[in-house]
$ cat work-v3.cif   # mmCIF, N, CA and C atoms
data_entry
loop_
_atom_site.label_atom_id
_atom_site.label_comp_id
_atom_site.auth_asym_id
_atom_site.auth_seq_id
_atom_site.Cartn_x
_atom_site.Cartn_y
_atom_site.Cartn_z
N MET A 1 -2.90 -9.47 10.63
CA MET A 1 -2.13 -8.47 11.34
C MET A 1 -2.66 -7.09 10.96
N ALA A 2 -2.85 -6.23 11.93
CA ALA A 2 -3.40 -4.90 11.70
C ALA A 2 -2.33 -3.96 11.16
N SER A 3 -2.78 -3.00 10.39
CA SER A 3 -1.86 -2.01 9.82
C SER A 3 -1.45 -1.01 10.89
N LYS A 4 -0.22 -0.55 10.84
CA LYS A 4 0.27 0.40 11.82
C LYS A 4 0.09 1.85 11.37
N SER A 5 -0.28 2.06 10.12
CA SER A 5 -0.44 3.43 9.64
C SER A 5 -1.69 4.06 10.23
N LYS A 6 -1.63 5.37 10.43
CA LYS A 6 -2.75 6.09 11.01
C LYS A 6 -3.91 6.16 10.02
N ARG A 7 -5.10 6.11 10.54
CA ARG A 7 -6.27 6.19 9.68
C ARG A 7 -6.49 7.64 9.26
N ARG A 8 -6.74 7.87 8.00
CA ARG A 8 -6.94 9.22 7.47
C ARG A 8 -8.40 9.49 7.23
N THR A 9 -8.79 10.75 7.43
CA THR A 9 -10.17 11.12 7.10
C THR A 9 -10.24 11.40 5.61
N LYS A 10 -11.38 11.15 5.05
CA LYS A 10 -11.54 11.35 3.61
C LYS A 10 -12.06 12.74 3.31
N HIS A 11 -11.62 13.30 2.22
CA HIS A 11 -12.11 14.58 1.74
C HIS A 11 -12.94 14.27 0.50
N ARG A 12 -14.22 14.32 0.64
CA ARG A 12 -15.09 13.94 -0.46
C ARG A 12 -15.55 15.18 -1.22
N GLY A 13 -15.65 15.06 -2.52
CA GLY A 13 -16.13 16.16 -3.34
C GLY A 13 -17.65 16.14 -3.41
N ASN A 14 -18.23 17.31 -3.68
CA ASN A 14 -19.68 17.36 -3.84
C ASN A 14 -20.03 17.31 -5.32
N ALA A 15 -21.28 17.50 -5.66
CA ALA A 15 -21.73 17.35 -7.04
C ALA A 15 -21.09 18.38 -7.97
N ALA A 16 -20.74 19.54 -7.44
CA ALA A 16 -20.13 20.58 -8.28
C ALA A 16 -18.63 20.37 -8.46
N GLY A 17 -18.08 19.35 -7.82
CA GLY A 17 -16.65 19.09 -7.95
C GLY A 17 -15.81 19.78 -6.89
N MET A 18 -16.44 20.50 -5.98
CA MET A 18 -15.71 21.18 -4.93
C MET A 18 -15.39 20.19 -3.82
N VAL A 19 -14.18 20.24 -3.31
CA VAL A 19 -13.79 19.36 -2.23
C VAL A 19 -14.01 20.09 -0.92
N GLU A 20 -14.83 19.51 -0.08
CA GLU A 20 -15.12 20.13 1.20
C GLU A 20 -14.25 19.48 2.26
N THR A 21 -13.48 20.28 2.95
CA THR A 21 -12.63 19.75 4.01
C THR A 21 -13.16 20.19 5.35
N ARG A 22 -12.83 19.45 6.36
CA ARG A 22 -13.24 19.83 7.70
C ARG A 22 -12.46 21.06 8.14
N GLY A 23 -13.05 21.81 9.03
CA GLY A 23 -12.38 22.96 9.58
C GLY A 23 -11.37 22.55 10.63
N ARG A 24 -10.87 23.51 11.34
CA ARG A 24 -9.90 23.26 12.40
C ARG A 24 -10.61 22.50 13.52
N THR A 25 -10.01 21.39 13.94
CA THR A 25 -10.64 20.57 14.97
C THR A 25 -9.94 20.66 16.31
N GLY A 26 -8.80 21.30 16.36
CA GLY A 26 -8.05 21.40 17.61
C GLY A 26 -8.55 22.54 18.47
N ARG A 27 -7.68 23.00 19.33
CA ARG A 27 -8.05 24.08 20.23
C ARG A 27 -8.21 25.38 19.46
N LYS A 28 -8.93 26.31 20.03
CA LYS A 28 -9.11 27.62 19.41
C LYS A 28 -7.78 28.36 19.44
N PRO A 29 -7.41 29.07 18.37
CA PRO A 29 -6.14 29.80 18.39
C PRO A 29 -6.22 30.98 19.36
N THR A 30 -5.13 31.18 20.09
CA THR A 30 -5.07 32.31 21.01
C THR A 30 -4.64 33.55 20.23
N ASP A 31 -4.65 34.71 20.90
CA ASP A 31 -4.25 35.94 20.22
C ASP A 31 -2.80 35.88 19.74
N GLY A 32 -1.96 35.19 20.48
CA GLY A 32 -0.55 35.07 20.09
C GLY A 32 -0.36 34.20 18.86
N ASP A 33 -1.28 33.26 18.62
CA ASP A 33 -1.18 32.36 17.47
C ASP A 33 -1.63 33.02 16.18
N ARG A 34 -2.53 33.97 16.30
CA ARG A 34 -3.11 34.57 15.10
C ARG A 34 -2.18 35.60 14.48
N LYS A 35 -2.22 35.67 13.16
CA LYS A 35 -1.50 36.72 12.45
C LYS A 35 -2.37 37.97 12.42
N PRO A 36 -1.76 39.15 12.37
CA PRO A 36 -2.58 40.36 12.25
C PRO A 36 -3.35 40.34 10.93
N GLN A 37 -4.56 40.81 10.97
CA GLN A 37 -5.41 40.80 9.78
C GLN A 37 -5.05 41.96 8.85
N GLY A 38 -5.34 41.80 7.57
CA GLY A 38 -5.05 42.70 6.46
C GLY A 38 -4.65 44.12 6.76
N ARG A 39 -5.61 44.95 7.10
CA ARG A 39 -5.36 46.37 7.27
C ARG A 39 -4.41 46.64 8.44
N VAL A 40 -4.56 45.87 9.51
CA VAL A 40 -3.70 46.06 10.68
C VAL A 40 -2.25 45.72 10.32
N ALA A 41 -2.04 44.61 9.61
CA ALA A 41 -0.69 44.22 9.22
C ALA A 41 -0.09 45.26 8.28
N ARG A 42 -0.90 45.79 7.40
CA ARG A 42 -0.41 46.79 6.45
C ARG A 42 -0.01 48.07 7.17
N MET A 43 -0.82 48.50 8.12
CA MET A 43 -0.50 49.72 8.86
C MET A 43 0.74 49.52 9.72
N ASP A 44 0.91 48.32 10.29
CA ASP A 44 2.12 48.05 11.05
C ASP A 44 3.35 48.14 10.17
N ARG A 45 3.24 47.64 8.94
CA ARG A 45 4.37 47.69 8.01
C ARG A 45 4.68 49.13 7.63
N PHE A 46 3.65 49.95 7.44
CA PHE A 46 3.86 51.34 7.06
C PHE A 46 4.35 52.20 8.22
N ASN A 47 4.14 51.76 9.45
CA ASN A 47 4.57 52.55 10.59
C ASN A 47 6.02 52.30 10.98
N LYS A 48 6.70 51.42 10.27
CA LYS A 48 8.12 51.20 10.53
C LYS A 48 8.92 52.24 9.75
N PRO A 49 9.93 52.83 10.39
CA PRO A 49 10.74 53.81 9.66
C PRO A 49 11.54 53.13 8.54
N PRO A 50 11.79 53.83 7.46
CA PRO A 50 12.53 53.23 6.34
C PRO A 50 13.98 52.95 6.74
N SER A 51 14.57 51.96 6.08
CA SER A 51 15.96 51.62 6.37
C SER A 51 16.76 51.60 5.07
N TRP A 52 18.06 51.77 5.22
CA TRP A 52 18.93 51.73 4.05
C TRP A 52 18.95 50.32 3.46
N ARG A 53 18.80 49.32 4.30
CA ARG A 53 18.81 47.95 3.81
C ARG A 53 17.61 47.68 2.89
N SER A 54 16.43 48.14 3.30
CA SER A 54 15.26 47.92 2.44
C SER A 54 15.38 48.71 1.14
N ALA A 55 15.96 49.91 1.23
CA ALA A 55 16.17 50.71 0.02
C ALA A 55 17.17 50.03 -0.91
N PHE A 56 18.23 49.46 -0.33
CA PHE A 56 19.22 48.76 -1.14
C PHE A 56 18.61 47.53 -1.80
N ASN A 57 17.81 46.77 -1.05
CA ASN A 57 17.18 45.57 -1.62
C ASN A 57 16.25 45.93 -2.77
N ARG A 58 15.49 47.00 -2.61
CA ARG A 58 14.59 47.44 -3.67
C ARG A 58 15.37 47.89 -4.89
N ALA A 59 16.48 48.62 -4.67
CA ALA A 59 17.32 49.07 -5.78
C ALA A 59 17.97 47.88 -6.48
N LEU A 60 18.37 46.88 -5.72
CA LEU A 60 18.99 45.69 -6.28
C LEU A 60 18.03 44.95 -7.20
N ILE A 61 16.80 44.80 -6.76
CA ILE A 61 15.79 44.11 -7.57
C ILE A 61 15.49 44.90 -8.84
N ALA A 62 15.32 46.21 -8.70
CA ALA A 62 15.00 47.04 -9.87
C ALA A 62 16.14 47.02 -10.89
N SER A 63 17.37 47.11 -10.41
CA SER A 63 18.49 47.12 -11.35
C SER A 63 18.69 45.74 -11.98
N ALA A 64 18.43 44.66 -11.24
CA ALA A 64 18.55 43.32 -11.82
C ALA A 64 17.53 43.12 -12.95
N VAL A 65 16.31 43.60 -12.73
CA VAL A 65 15.29 43.51 -13.78
C VAL A 65 15.73 44.31 -15.00
N PHE A 66 16.26 45.51 -14.76
CA PHE A 66 16.70 46.34 -15.88
C PHE A 66 17.86 45.69 -16.63
N VAL A 67 18.82 45.13 -15.92
CA VAL A 67 19.98 44.51 -16.57
C VAL A 67 19.54 43.33 -17.45
N VAL A 68 18.66 42.51 -16.91
CA VAL A 68 18.18 41.36 -17.69
C VAL A 68 17.42 41.85 -18.93
N ALA A 69 16.58 42.86 -18.75
CA ALA A 69 15.83 43.39 -19.89
C ALA A 69 16.76 44.04 -20.91
N ALA A 70 17.77 44.75 -20.45
CA ALA A 70 18.69 45.42 -21.37
C ALA A 70 19.49 44.41 -22.18
N ILE A 71 19.91 43.34 -21.55
CA ILE A 71 20.72 42.34 -22.25
C ILE A 71 19.85 41.49 -23.19
N LEU A 72 18.71 41.03 -22.70
CA LEU A 72 17.89 40.12 -23.51
C LEU A 72 17.02 40.84 -24.53
N VAL A 73 16.36 41.91 -24.12
CA VAL A 73 15.42 42.58 -25.01
C VAL A 73 16.11 43.58 -25.92
N LEU A 74 16.96 44.41 -25.32
CA LEU A 74 17.61 45.46 -26.10
C LEU A 74 18.89 45.00 -26.78
N GLY A 75 19.39 43.83 -26.40
CA GLY A 75 20.58 43.29 -27.04
C GLY A 75 21.86 44.03 -26.69
N GLN A 76 21.95 44.59 -25.50
CA GLN A 76 23.15 45.31 -25.09
C GLN A 76 24.27 44.33 -24.76
N ASN A 77 25.48 44.85 -24.79
CA ASN A 77 26.64 44.10 -24.38
C ASN A 77 26.48 43.77 -22.88
N PRO A 78 26.68 42.52 -22.46
CA PRO A 78 26.47 42.17 -21.05
C PRO A 78 27.34 42.98 -20.08
N ILE A 79 28.56 43.28 -20.46
CA ILE A 79 29.43 44.05 -19.56
C ILE A 79 28.88 45.46 -19.38
N ALA A 80 28.40 46.06 -20.46
CA ALA A 80 27.82 47.40 -20.36
C ALA A 80 26.52 47.37 -19.55
N GLY A 81 25.74 46.31 -19.71
CA GLY A 81 24.49 46.19 -18.97
C GLY A 81 24.74 46.05 -17.47
N VAL A 82 25.73 45.26 -17.11
CA VAL A 82 26.06 45.08 -15.69
C VAL A 82 26.64 46.37 -15.11
N ALA A 83 27.47 47.06 -15.88
CA ALA A 83 28.03 48.33 -15.40
C ALA A 83 26.93 49.35 -15.16
N PHE A 84 25.96 49.41 -16.07
CA PHE A 84 24.85 50.34 -15.89
C PHE A 84 23.98 49.90 -14.71
N GLY A 85 23.87 48.59 -14.49
CA GLY A 85 23.14 48.08 -13.34
C GLY A 85 23.77 48.51 -12.03
N ILE A 86 25.09 48.50 -11.96
CA ILE A 86 25.78 48.97 -10.75
C ILE A 86 25.51 50.46 -10.54
N PHE A 87 25.54 51.23 -11.64
CA PHE A 87 25.21 52.65 -11.53
C PHE A 87 23.78 52.84 -11.01
N LEU A 88 22.85 52.01 -11.51
CA LEU A 88 21.46 52.12 -11.07
C LEU A 88 21.31 51.81 -9.58
N ILE A 89 22.06 50.82 -9.10
CA ILE A 89 22.01 50.51 -7.67
C ILE A 89 22.47 51.72 -6.86
N LEU A 90 23.56 52.34 -7.29
CA LEU A 90 24.07 53.52 -6.58
C LEU A 90 23.12 54.71 -6.68
N PHE A 91 22.36 54.78 -7.75
CA PHE A 91 21.42 55.89 -7.94
C PHE A 91 20.09 55.63 -7.22
N TYR A 92 19.58 54.38 -7.35
CA TYR A 92 18.26 54.07 -6.79
C TYR A 92 18.26 53.95 -5.27
N THR A 93 19.37 53.53 -4.66
CA THR A 93 19.37 53.31 -3.22
C THR A 93 19.04 54.59 -2.45
N PRO A 94 19.78 55.70 -2.63
CA PRO A 94 19.38 56.90 -1.89
C PRO A 94 18.04 57.46 -2.35
N LEU A 95 17.73 57.31 -3.64
CA LEU A 95 16.46 57.81 -4.15
C LEU A 95 15.29 57.13 -3.44
N THR A 96 15.32 55.81 -3.33
CA THR A 96 14.23 55.10 -2.68
C THR A 96 14.22 55.35 -1.17
N PHE A 97 15.40 55.47 -0.55
CA PHE A 97 15.44 55.74 0.88
C PHE A 97 14.80 57.08 1.20
N TYR A 98 15.18 58.13 0.47
CA TYR A 98 14.64 59.45 0.77
C TYR A 98 13.17 59.57 0.37
N THR A 99 12.74 58.85 -0.66
CA THR A 99 11.33 58.82 -1.01
C THR A 99 10.52 58.14 0.09
N ASP A 100 11.02 57.00 0.59
CA ASP A 100 10.34 56.31 1.69
C ASP A 100 10.31 57.18 2.94
N THR A 101 11.41 57.89 3.21
CA THR A 101 11.47 58.77 4.38
C THR A 101 10.44 59.88 4.27
N PHE A 102 10.30 60.45 3.09
CA PHE A 102 9.31 61.51 2.87
C PHE A 102 7.90 61.02 3.18
N PHE A 103 7.55 59.87 2.61
CA PHE A 103 6.21 59.33 2.82
C PHE A 103 6.00 58.87 4.26
N TYR A 104 7.05 58.34 4.90
CA TYR A 104 6.94 57.94 6.30
C TYR A 104 6.67 59.15 7.19
N ARG A 105 7.41 60.23 6.98
CA ARG A 105 7.21 61.44 7.80
C ARG A 105 5.83 62.04 7.56
N ARG A 106 5.38 62.02 6.32
CA ARG A 106 4.05 62.55 6.00
C ARG A 106 2.96 61.73 6.69
N ARG A 107 3.13 60.40 6.67
CA ARG A 107 2.16 59.52 7.30
C ARG A 107 2.15 59.71 8.82
N GLN A 108 3.34 59.88 9.42
CA GLN A 108 3.41 60.09 10.86
C GLN A 108 2.79 61.42 11.27
N ALA A 109 3.01 62.46 10.45
CA ALA A 109 2.41 63.76 10.74
C ALA A 109 0.89 63.67 10.65
N LYS A 110 0.40 62.92 9.68
CA LYS A 110 -1.05 62.75 9.53
C LYS A 110 -1.63 62.00 10.72
N LEU A 111 -0.93 60.97 11.20
CA LEU A 111 -1.41 60.22 12.36
C LEU A 111 -1.39 61.08 13.62
N GLU A 112 -0.37 61.91 13.79
CA GLU A 112 -0.32 62.80 14.95
C GLU A 112 -1.41 63.86 14.88
N GLY A 113 -1.73 64.31 13.67
CA GLY A 113 -2.80 65.28 13.50
C GLY A 113 -4.16 64.70 13.87
N GLN A 114 -4.31 63.39 13.71
CA GLN A 114 -5.56 62.73 14.07
C GLN A 114 -5.59 62.36 15.55
N GLY A 115 -4.46 62.54 16.23
CA GLY A 115 -4.39 62.21 17.63
C GLY A 115 -4.14 60.74 17.93
N ARG A 116 -3.73 59.97 16.90
CA ARG A 116 -3.43 58.55 17.08
C ARG A 116 -1.94 58.34 16.84
N ARG A 117 -1.48 57.22 17.36
CA ARG A 117 -0.11 56.83 17.03
C ARG A 117 0.17 55.46 17.52
#
$ encode --input "work-v3.cif" --output "structure tokens"
Amino acid sequence: MASKSKRRTKHRGNAAGMVETRGRTGRKPTDGDRKPQGRVARMDRFNKPPSWRSAFNRALIASAVFVVAAILVLGQNPIAGVAFGIFLILFYTPLTFYTDTFFYRRRQAKLEGQGRR
């Protein structure tokens, strides 16, 4: 009786120990399938205006790192560390938002000066 499992292609290693795999064998990817490449994706990300949500997320991560470091490394009281973490969230959120806004406006002015956008 024949096996019902699909036959698999083998990935054989060469003498240096590197495994060589076959490339893509299906259809060629269309423009819609491809992800934007490095610099283009980065510029698209920088061309988005800053948001309060992204500033809050960044402040949340920074304060969480600080709280963990304060409690574990500095040996602070956990309640005091969490209270200071809440203060840091309230302080870092507008700070990061307005910093991002400054750099966004500067970048947009530079792009308009070059005649691109």
$ closest_residue --input "work-v3.cif" --among "A:Gln108, A:Ser63, A:Thr30, A:Gln76" --to "Tyr92 (chain A)" --atoms "only C-alpha atoms"
A:Ser63
$ resolve_selection --input "work-v3.cif" --expression "the PyMOL selection byres ((chain A and resi 97) around 7)" --output "list of chain:residue names"
A:Pro50, A:Ser51, A:Trp52, A:Ser54, A:Ala55, A:Phe56, A:Tyr92, A:Thr93, A:Pro94, A:Leu95, A:Thr96, A:Tyr98, A:Thr99, A:Asp100, A:Thr101, A:Phe102
$ select_by_dssp --input "work-v3.cif" --residues "chain A" --states "helix (DSSP H, G or I)" --output "NGL selection string"
:A and (38-46 or 52-72 or 78-113)
$ atom_distance --input "work-v3.cif" --atom1 "CA of Gly32 (chain A)" --atom2 "CA of Lys48 (chain A)"
20.7 Å
$ closest_residue --input "work-v3.cif" --among "A:Asn47, A:Ala80, A:Leu88, A:Lys35" --to "Ala64 (chain A)" --atoms "all atoms listed in the file"
A:Leu88
$ closest_residue --input "work-v3.cif" --among "A:Pro49, A:Arg27, A:Met18, A:Gly75" --to "Arg105 (chain A)" --atoms "all atoms listed in the file"
A:Pro49
$ atom_distance --input "work-v3.cif" --atom1 "atom C of Leu60 (chain A)" --atom2 "CA of Val40 (chain A)"
28.2 Å
$ decode --input "work-v3.cif" --residues "region 36-75 of chain A" --atoms "N, CA and C atoms" --output "PDB file, in the first residue's frame"
ATOM      1  N   PRO A  36       7.762  46.978   1.176  1.00  0.00           N
ATOM      2  CA  PRO A  36       8.677  48.051   0.777  1.00  0.00           C
ATOM      3  C   PRO A  36      10.083  47.756   1.292  1.00  0.00           C
ATOM      4  N   GLN A  37      11.069  48.083   0.496  1.00  0.00           N
ATOM      5  CA  GLN A  37      12.447  47.804   0.856  1.00  0.00           C
ATOM      6  C   GLN A  37      12.976  48.841   1.844  1.00  0.00           C
ATOM      7  N   GLY A  38      13.971  48.469   2.622  1.00  0.00           N
ATOM      8  CA  GLY A  38      14.617  49.224   3.688  1.00  0.00           C
ATOM      9  C   GLY A  38      14.382  50.712   3.770  1.00  0.00           C
ATOM     10  N   ARG A  39      15.047  51.462   2.931  1.00  0.00           N
ATOM     11  CA  ARG A  39      15.007  52.918   3.010  1.00  0.00           C
ATOM     12  C   ARG A  39      13.607  53.461   2.732  1.00  0.00           C
ATOM     13  N   VAL A  40      12.907  52.845   1.791  1.00  0.00           N
ATOM     14  CA  VAL A  40      11.553  53.295   1.466  1.00  0.00           C
ATOM     15  C   VAL A  40      10.622  53.084   2.656  1.00  0.00           C
ATOM     16  N   ALA A  41      10.709  51.915   3.293  1.00  0.00           N
ATOM     17  CA  ALA A  41       9.863  51.629   4.449  1.00  0.00           C
ATOM     18  C   ALA A  41      10.190  52.583   5.599  1.00  0.00           C
ATOM     19  N   ARG A  42      11.456  52.884   5.763  1.00  0.00           N
ATOM     20  CA  ARG A  42      11.867  53.781   6.841  1.00  0.00           C
ATOM     21  C   ARG A  42      11.347  55.193   6.592  1.00  0.00           C
ATOM     22  N   MET A  43      11.438  55.659   5.360  1.00  0.00           N
ATOM     23  CA  MET A  43      10.954  57.002   5.047  1.00  0.00           C
ATOM     24  C   MET A  43       9.437  57.074   5.184  1.00  0.00           C
ATOM     25  N   ASP A  44       8.734  56.000   4.816  1.00  0.00           N
ATOM     26  CA  ASP A  44       7.285  55.981   5.003  1.00  0.00           C
ATOM     27  C   ASP A  44       6.929  56.084   6.474  1.00  0.00           C
ATOM     28  N   ARG A  45       7.695  55.404   7.318  1.00  0.00           N
ATOM     29  CA  ARG A  45       7.432  55.452   8.761  1.00  0.00           C
ATOM     30  C   ARG A  45       7.700  56.844   9.307  1.00  0.00           C
ATOM     31  N   PHE A  46       8.754  57.508   8.813  1.00  0.00           N
ATOM     32  CA  PHE A  46       9.085  58.839   9.295  1.00  0.00           C
ATOM     33  C   PHE A  46       8.142  59.908   8.758  1.00  0.00           C
ATOM     34  N   ASN A  47       7.447  59.630   7.665  1.00  0.00           N
ATOM     35  CA  ASN A  47       6.551  60.622   7.098  1.00  0.00           C
ATOM     36  C   ASN A  47       5.167  60.607   7.728  1.00  0.00           C
ATOM     37  N   LYS A  48       4.929  59.714   8.678  1.00  0.00           N
ATOM     38  CA  LYS A  48       3.656  59.704   9.388  1.00  0.00           C
ATOM     39  C   LYS A  48       3.730  60.710  10.533  1.00  0.00           C
ATOM     40  N   PRO A  49       2.678  61.500  10.724  1.00  0.00           N
ATOM     41  CA  PRO A  49       2.703  62.448  11.835  1.00  0.00           C
ATOM     42  C   PRO A  49       2.678  61.706  13.175  1.00  0.00           C
ATOM     43  N   PRO A  50       3.298  62.273  14.194  1.00  0.00           N
ATOM     44  CA  PRO A  50       3.328  61.603  15.502  1.00  0.00           C
ATOM     45  C   PRO A  50       1.938  61.556  16.125  1.00  0.00           C
ATOM     46  N   SER A  51       1.719  60.559  16.969  1.00  0.00           N
ATOM     47  CA  SER A  51       0.431  60.429  17.636  1.00  0.00           C
ATOM     48  C   SER A  51       0.641  60.313  19.141  1.00  0.00           C
ATOM     49  N   TRP A  52      -0.407  60.652  19.866  1.00  0.00           N
ATOM     50  CA  TRP A  52      -0.340  60.542  21.322  1.00  0.00           C
ATOM     51  C   TRP A  52      -0.237  59.076  21.738  1.00  0.00           C
ATOM     52  N   ARG A  53      -0.837  58.203  20.960  1.00  0.00           N
ATOM     53  CA  ARG A  53      -0.782  56.777  21.288  1.00  0.00           C
ATOM     54  C   ARG A  53       0.648  56.243  21.209  1.00  0.00           C
ATOM     55  N   SER A  54       1.373  56.612  20.155  1.00  0.00           N
ATOM     56  CA  SER A  54       2.759  56.143  20.043  1.00  0.00           C
ATOM     57  C   SER A  54       3.626  56.742  21.149  1.00  0.00           C
ATOM     58  N   ALA A  55       3.355  58.004  21.493  1.00  0.00           N
ATOM     59  CA  ALA A  55       4.105  58.639  22.582  1.00  0.00           C
ATOM     60  C   ALA A  55       3.809  57.945  23.912  1.00  0.00           C
ATOM     61  N   PHE A  56       2.542  57.594  24.132  1.00  0.00           N
ATOM     62  CA  PHE A  56       2.173  56.902  25.368  1.00  0.00           C
ATOM     63  C   PHE A  56       2.823  55.528  25.433  1.00  0.00           C
ATOM     64  N   ASN A  57       2.814  54.798  24.316  1.00  0.00           N
ATOM     65  CA  ASN A  57       3.435  53.465  24.299  1.00  0.00           C
ATOM     66  C   ASN A  57       4.930  53.547  24.593  1.00  0.00           C
ATOM     67  N   ARG A  58       5.594  54.529  24.014  1.00  0.00           N
ATOM     68  CA  ARG A  58       7.020  54.703  24.259  1.00  0.00           C
ATOM     69  C   ARG A  58       7.282  55.061  25.718  1.00  0.00           C
ATOM     70  N   ALA A  59       6.439  55.933  26.285  1.00  0.00           N
ATOM     71  CA  ALA A  59       6.586  56.313  27.694  1.00  0.00           C
ATOM     72  C   ALA A  59       6.316  55.122  28.605  1.00  0.00           C
ATOM     73  N   LEU A  60       5.348  54.299  28.244  1.00  0.00           N
ATOM     74  CA  LEU A  60       5.017  53.120  29.034  1.00  0.00           C
ATOM     75  C   LEU A  60       6.188  52.146  29.079  1.00  0.00           C
ATOM     76  N   ILE A  61       6.813  51.919  27.949  1.00  0.00           N
ATOM     77  CA  ILE A  61       7.960  51.002  27.894  1.00  0.00           C
ATOM     78  C   ILE A  61       9.133  51.559  28.700  1.00  0.00           C
ATOM     79  N   ALA A  62       9.415  52.851  28.529  1.00  0.00           N
ATOM     80  CA  ALA A  62      10.537  53.461  29.252  1.00  0.00           C
ATOM     81  C   ALA A  62      10.312  53.420  30.757  1.00  0.00           C
ATOM     82  N   SER A  63       9.103  53.724  31.192  1.00  0.00           N
ATOM     83  CA  SER A  63       8.850  53.726  32.632  1.00  0.00           C
ATOM     84  C   SER A  63       8.847  52.308  33.189  1.00  0.00           C
ATOM     85  N   ALA A  64       8.380  51.324  32.415  1.00  0.00           N
ATOM     86  CA  ALA A  64       8.404  49.938  32.887  1.00  0.00           C
ATOM     87  C   ALA A  64       9.845  49.461  33.088  1.00  0.00           C
ATOM     88  N   VAL A  65      10.719  49.815  32.146  1.00  0.00           N
ATOM     89  CA  VAL A  65      12.131  49.456  32.291  1.00  0.00           C
ATOM     90  C   VAL A  65      12.719  50.120  33.531  1.00  0.00           C
ATOM     91  N   PHE A  66      12.382  51.390  33.741  1.00  0.00           N
ATOM     92  CA  PHE A  66      12.910  52.101  34.903  1.00  0.00           C
ATOM     93  C   PHE A  66      12.390  51.489  36.202  1.00  0.00           C
ATOM     94  N   VAL A  67      11.106  51.150  36.258  1.00  0.00           N
ATOM     95  CA  VAL A  67      10.536  50.582  37.483  1.00  0.00           C
ATOM     96  C   VAL A  67      11.199  49.248  37.823  1.00  0.00           C
ATOM     97  N   VAL A  68      11.377  48.409  36.822  1.00  0.00           N
ATOM     98  CA  VAL A  68      12.023  47.117  37.066  1.00  0.00           C
ATOM     99  C   VAL A  68      13.463  47.324  37.535  1.00  0.00           C
ATOM    100  N   ALA A  69      14.173  48.248  36.895  1.00  0.00           N
ATOM    101  CA  ALA A  69      15.552  48.517  37.303  1.00  0.00           C
ATOM    102  C   ALA A  69      15.610  49.112  38.701  1.00  0.00           C
ATOM    103  N   ALA A  70      14.686  49.997  39.023  1.00  0.00           N
ATOM    104  CA  ALA A  70      14.688  50.631  40.349  1.00  0.00           C
ATOM    105  C   ALA A  70      14.414  49.611  41.442  1.00  0.00           C
ATOM    106  N   ILE A  71      13.499  48.698  41.194  1.00  0.00           N
ATOM    107  CA  ILE A  71      13.154  47.709  42.219  1.00  0.00           C
ATOM    108  C   ILE A  71      14.242  46.643  42.346  1.00  0.00           C
ATOM    109  N   LEU A  72      14.715  46.120  41.216  1.00  0.00           N
ATOM    110  CA  LEU A  72      15.676  45.014  41.275  1.00  0.00           C
ATOM    111  C   LEU A  72      17.109  45.478  41.517  1.00  0.00           C
ATOM    112  N   VAL A  73      17.538  46.506  40.820  1.00  0.00           N
ATOM    113  CA  VAL A  73      18.936  46.927  40.910  1.00  0.00           C
ATOM    114  C   VAL A  73      19.167  47.864  42.088  1.00  0.00           C
ATOM    115  N   LEU A  74      18.300  48.860  42.207  1.00  0.00           N
ATOM    116  CA  LEU A  74      18.492  49.857  43.261  1.00  0.00           C
ATOM    117  C   LEU A  74      17.869  49.454  44.588  1.00  0.00           C
ATOM    118  N   GLY A  75      17.044  48.420  44.580  1.00  0.00           N
ATOM    119  CA  GLY A  75      16.446  47.928  45.817  1.00  0.00           C
ATOM    120  C   GLY A  75      15.394  48.858  46.401  1.00  0.00           C
TER     121      GLY A  75
END
